[in-house]
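**Q** Before I ask anything, let me first share the structure, which is written out below as structure tokens.
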Amino acid sequence: MSMMPRVYGALGRSPLFRAPSRYAGRREFWPSTVGGGLRLEATRTVARTQSARHSHSHTHAQRDAHALALAQAGSHAQAGSHALSAALSGDFRLCESPASAVSAGRRSAAPPPARDCDDFSDSYRRRPSSSPAATASPALLSPRRVCTVPSSALTQRRPFTSTTAAMGAIKLDGTAIAKAIRERLGTEIVERQKLNPRFKPCLKIIQDTYVRMKTKAAQEAGIACELIHFSESISEPELLDQIRQLNNDPSVNGLLVQLPLPKHISEYVITSSVVDEKDVDGFGTKNIGELAKRGGNPFFVPCTPKGVMFLLNESGVDLKGKNAVVVGRSDIVGSPVSYLLRNADATVTVCHSKTVGLENFLKAADVVVAAIGVPQFIKGEWLKPGAVVIDVGTNFLPDETKKSGYRLVGDVDFASAVEVASAITPVPGGVGPMTVAMLMQNVVDATTLYFESQKLRKTIPLPLKLQDPVPSDIAVSRGQTPKQITRIAAEVGIAPHELEPYGAYKAKVDLSLLNRLEHRRDGRYVVVTGITPTPLGEGKSTTTMGLAQALGAHIGRLTFANVRQPSQGPTFGIKGGAAGGGYSQVIPMDEFNLHLTGDIHAITAANNLLAAAIETRIFHENTQKNGPLYRRLVPAKNGKRQFSPVMLRRLKKVGIDKTNPDDLNEDEINRFARLDIDPETITWRRVLDVNDRHLRGITVGTAPTEKGQTRETGFDISVASECMAILALSTSLGDMRDRLGRMVVAASRSGDTVTCDDIGAGGALTALMKDAIKPNLMQTLEGTPVFVHAGPFANISIGQSSILADKLALKLAGTEPDEDYAEKAGFVVTEAGFDFTMGGERFFNIKCRTSGLVPDVVVVVATVRALKVHGGGPPIAPGAPLNPIYKEENVDILRAGCVNLKKHIANAKSFGIPVVVAINKFSTDTDAEIAVVREEAIAAGAEDAILANHWAEGGKGAVDLAHGVIAASTKPKELTLTYDLEGTVQERIEAIGQKMYGAAKVEFSELAQKKVDTYTRQGYANLPICIAKTQYSLSHDPDLKGAPTGFTVPIRDVRMAAGAGYLYALAADIQTIPGLPTAPGYLNVDVDVETGEIDGLF
């Protein structure tokens, strides 16, 4: 289906709006058919009076009864001057309820029971609210923006060949036109669904009365329409909650609140709660404001005014320069019609109760729109000969010849007007059917708006003010004014209800976004790793940020940087923060490094709850017999005992198929209630997010109340908790719940595993971490999006951000089914901790194995400084002056050290993924040294090796690297993992040692072998492997630089992270809670008490 700019108003002659669309490139459309047939903007439907009467005769009686109930006798032909004044001034709207209408005139006989009246106009849908808010501000639906809708190709407008009515004027048959519109919409929806099967327009109507015509029209147009009925007693908060749910439901395109509402509910509050993009009624305050101002762009035009303009187009009148008189200034019809006429370049006069000489205005009018609610008020002799008359009125007069006893008339005396006018709308059968047809059009427009908006994803970059020399990281961070996080979210396509802001510059993103975007093809996936680093680091985080800034801010590809949340231990210790550096950072730096949204605190709380639960369970089992223990574990509440969900898991594990606590026998009670934990096998330790060396070994239970039940244990740093690894590797909230429950914390004296769910704490830990599972959204210095989520300890865990953050980012950076992937696909740049041989290997063998994701490119970060170390240069120590060799050109040492880079490239290529080397530029690097690194990297099989100066120049300095990554991302790839899970634990560990590290063999200590045998017996033999070793060498020995071979990797111990889903083998003595140096980082941290700004972070 082709795309065509929308033709406004008179469909090619009189545009309703002048200004261009708010979204560049947006295209809009008016009704048309697909593949030929009737095209309403190109033809007019004119019918004889007799045929129109015949087509409506079977519906009139049905409508008259209900319409009379709404109008009462207040619309009687002999309405007094007060009624006329009120009608002309818009003091009562066209939606007057029976009660308000009575005050405008005499009451006639009681009407029959109310029935459907949707076929007439908006005038029956509204009544003034009794609430103060609604009185002060008329009930309006939420504002909109101009909708985007595709259309078929333009056709020529056919000549105006009409048949006049019996009395001379052309009758504009709204019923026939509306039918053609519905048929055209149905055809168009079918055609759109061929390209996009998800294109399924859906309208939800919240109402307390039946609205037959809307549902019938929707069915004819192929639009799903659901009536959501509420009782008269519904409270305002309940109704608001219903609307909130519909606002957040992406399958709902249009939302209409059918008025009037119960008297205790504010129409203004309710209708204003409908989100802009779904307000197909078009009466939102902002929407009307956009319509009223010159050059405004509302999402939707209110249905009745839109129908009026459509009929004017059908009349053939060229509105430009014509005198148009609108009689009535209601918010529902009069005012918006006047705006539309003005925007169509007509000269518009709005008449009302204070207008003097109404007849004189009408005598000069080329176009008359009557919308006052007074029957047959405007006479033919008041009209200018040849005028086009649009009668919006719907009034009832007694008529004994009708079965209902009433007949429907307009605001214009049709009998006299038809002899003077050139074209006129009948009542019924004129504007009324068009109102419903335009509602259907708006729903289709809203559906297209939704799908088009999904493509409008673009980051607006923040400019950098580069300085030389580069200031401190905190100074650079503070020198940039970040975007509001709500703006970042809007730019990347995160809906407001999917965002949970934590202050101005950070927010959590709800996982429901994955369901909304499940149809998208993932964006490009890039993993950033490095060569074997020095203690100073080689700039992986800085490169991650710089590459993301280059791709997003300079090349225009929507790009996410995904990184771990830093621990406060290193932040206040010797390493400092992990936000990147120079002009490639996450900002605000202080918020990134301190607390963030509290995820690590949640991990700490969950971990320590489990630690307390373990100690407590041992205490109570040691001090109680089976009977009392069981009764206290499953107490009676209100005279009834019931197992909790976690207890049912325990019952299933021990083979008890009972759900009634009273049905367990003594043996079953013993099996269920007694875990019989062996204290010597407890592996679970307490954690805190501080480098506190004195907590590495402690004794618990020394208080007299613990009855001598002491035990030696210790603390780890919070990010070393298995809970953190689970956070990183979970694929959903349910998956995290299962993983937490599966964590093995000890063994029973009989050798069975004791899990978190056996303790009964799995659900509680999930509750503590339920918000932590939502990734955190931040931004780079140049305003590109960053996901900061999870921070597993790289020494003993995977050392990467979460799977869920990657999945969210890949969907947000992905493409819709009808988008060009090569042109529009964005990028997700995620970082793997330490070098490729540690972080990269775990990324593939553990993270990708779990997530099912496959990266498109591996970026290996290298520095001349680190390669010189591997070529034989002297050691580098934090805080010590650099040896001159690292500041002067030395090609020979550098080339020798490139053996380390070549090994990492080979390791990366073994997984079947293209490799690009990023040469992180230092000011002391020479052109000759850069050339050597590039030469050696390409010879080793890298797609390219590219110099990047992002630390000093931000994204600008990494543009060449970004182009190289884009080129490599299109190369063929075929993921090949290092090992499968069918072999033994020893075979998997040997595969890593020999293939990745270059070892000759692997040796297991007696303890390690015993542990492996135990895990195999317990059923954990088929888990992936994480080897904990030094990050300063390819081997287990930090002193072995370059690319050593022929060594033996000693495996001292093997531990299990059953919930996270891997075994970790210790090839070194790893401290799981670091200590603080003599001069820790916290010495420089302080707060400006005047501004609240934090100083001293690095």
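By order of appearance in the structure tokens: chains A, B, ..., then residues from 1 within every chain, and ligands from 1 in the order shown.
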Do a neighbour search on region 933-936 of chain A at 8 Å with only C-alpha atoms, toss out local chain neighbours closer than 4 positions, and write the hits as a compact mmCIF listing (two decimals) with C-alpha atoms, in the first residue's frame.
**A**
# COMPACT_ATOMS: atom_id res chain seq x y z
CA VAL A 864 50.24 0.33 23.93
CA LEU A 894 55.57 -3.48 21.94
CA ARG A 895 55.72 -5.98 19.10
CA CYS A 898 51.40 -8.17 20.91
CA LYS A 902 46.98 -12.15 19.27
CA ILE A 919 43.36 0.79 20.22
CA GLU A 929 53.49 2.14 17.83
CA ALA A 940 46.01 -12.38 13.91
CA ASP A 944 40.18 -4.26 11.76
CA ALA A 945 42.25 -2.50 14.41
CA ILE A 946 41.22 1.11 14.86
**Q** Env of region 644-661 of chain A: 7 Å cut, atoms = only C-alpha atoms, seq-sep filter 5 positions within chain, self excluded. Answer as a ChimeraX atom specification.
**A** /A:671-672,757-758,760
**Q** Need to verify the contact set: Leu688 (chain A), 8 Å, only C-alpha atoms, exclusion of same-chain residues closer than 2 positions in sequence. Can you return it as a count of residues only?
**A** 7
**Q** Write out as a PyMOL selection string the residues lying within 9 Å of region 433-439 of chain A, counting only C-alpha atoms and excluding same-chain residues fewer than 4 positions away.
**A** chain A and resi 118-122+174-179+181-182+213-214+217-218+280-281+301-308+310-311+428-429+443-444
**Q** If I take CA of Leu729 (chain A) and CA of Ser802 (chain A), how far is one from the other in Å, to one decimal?
**A** 6.0 Å
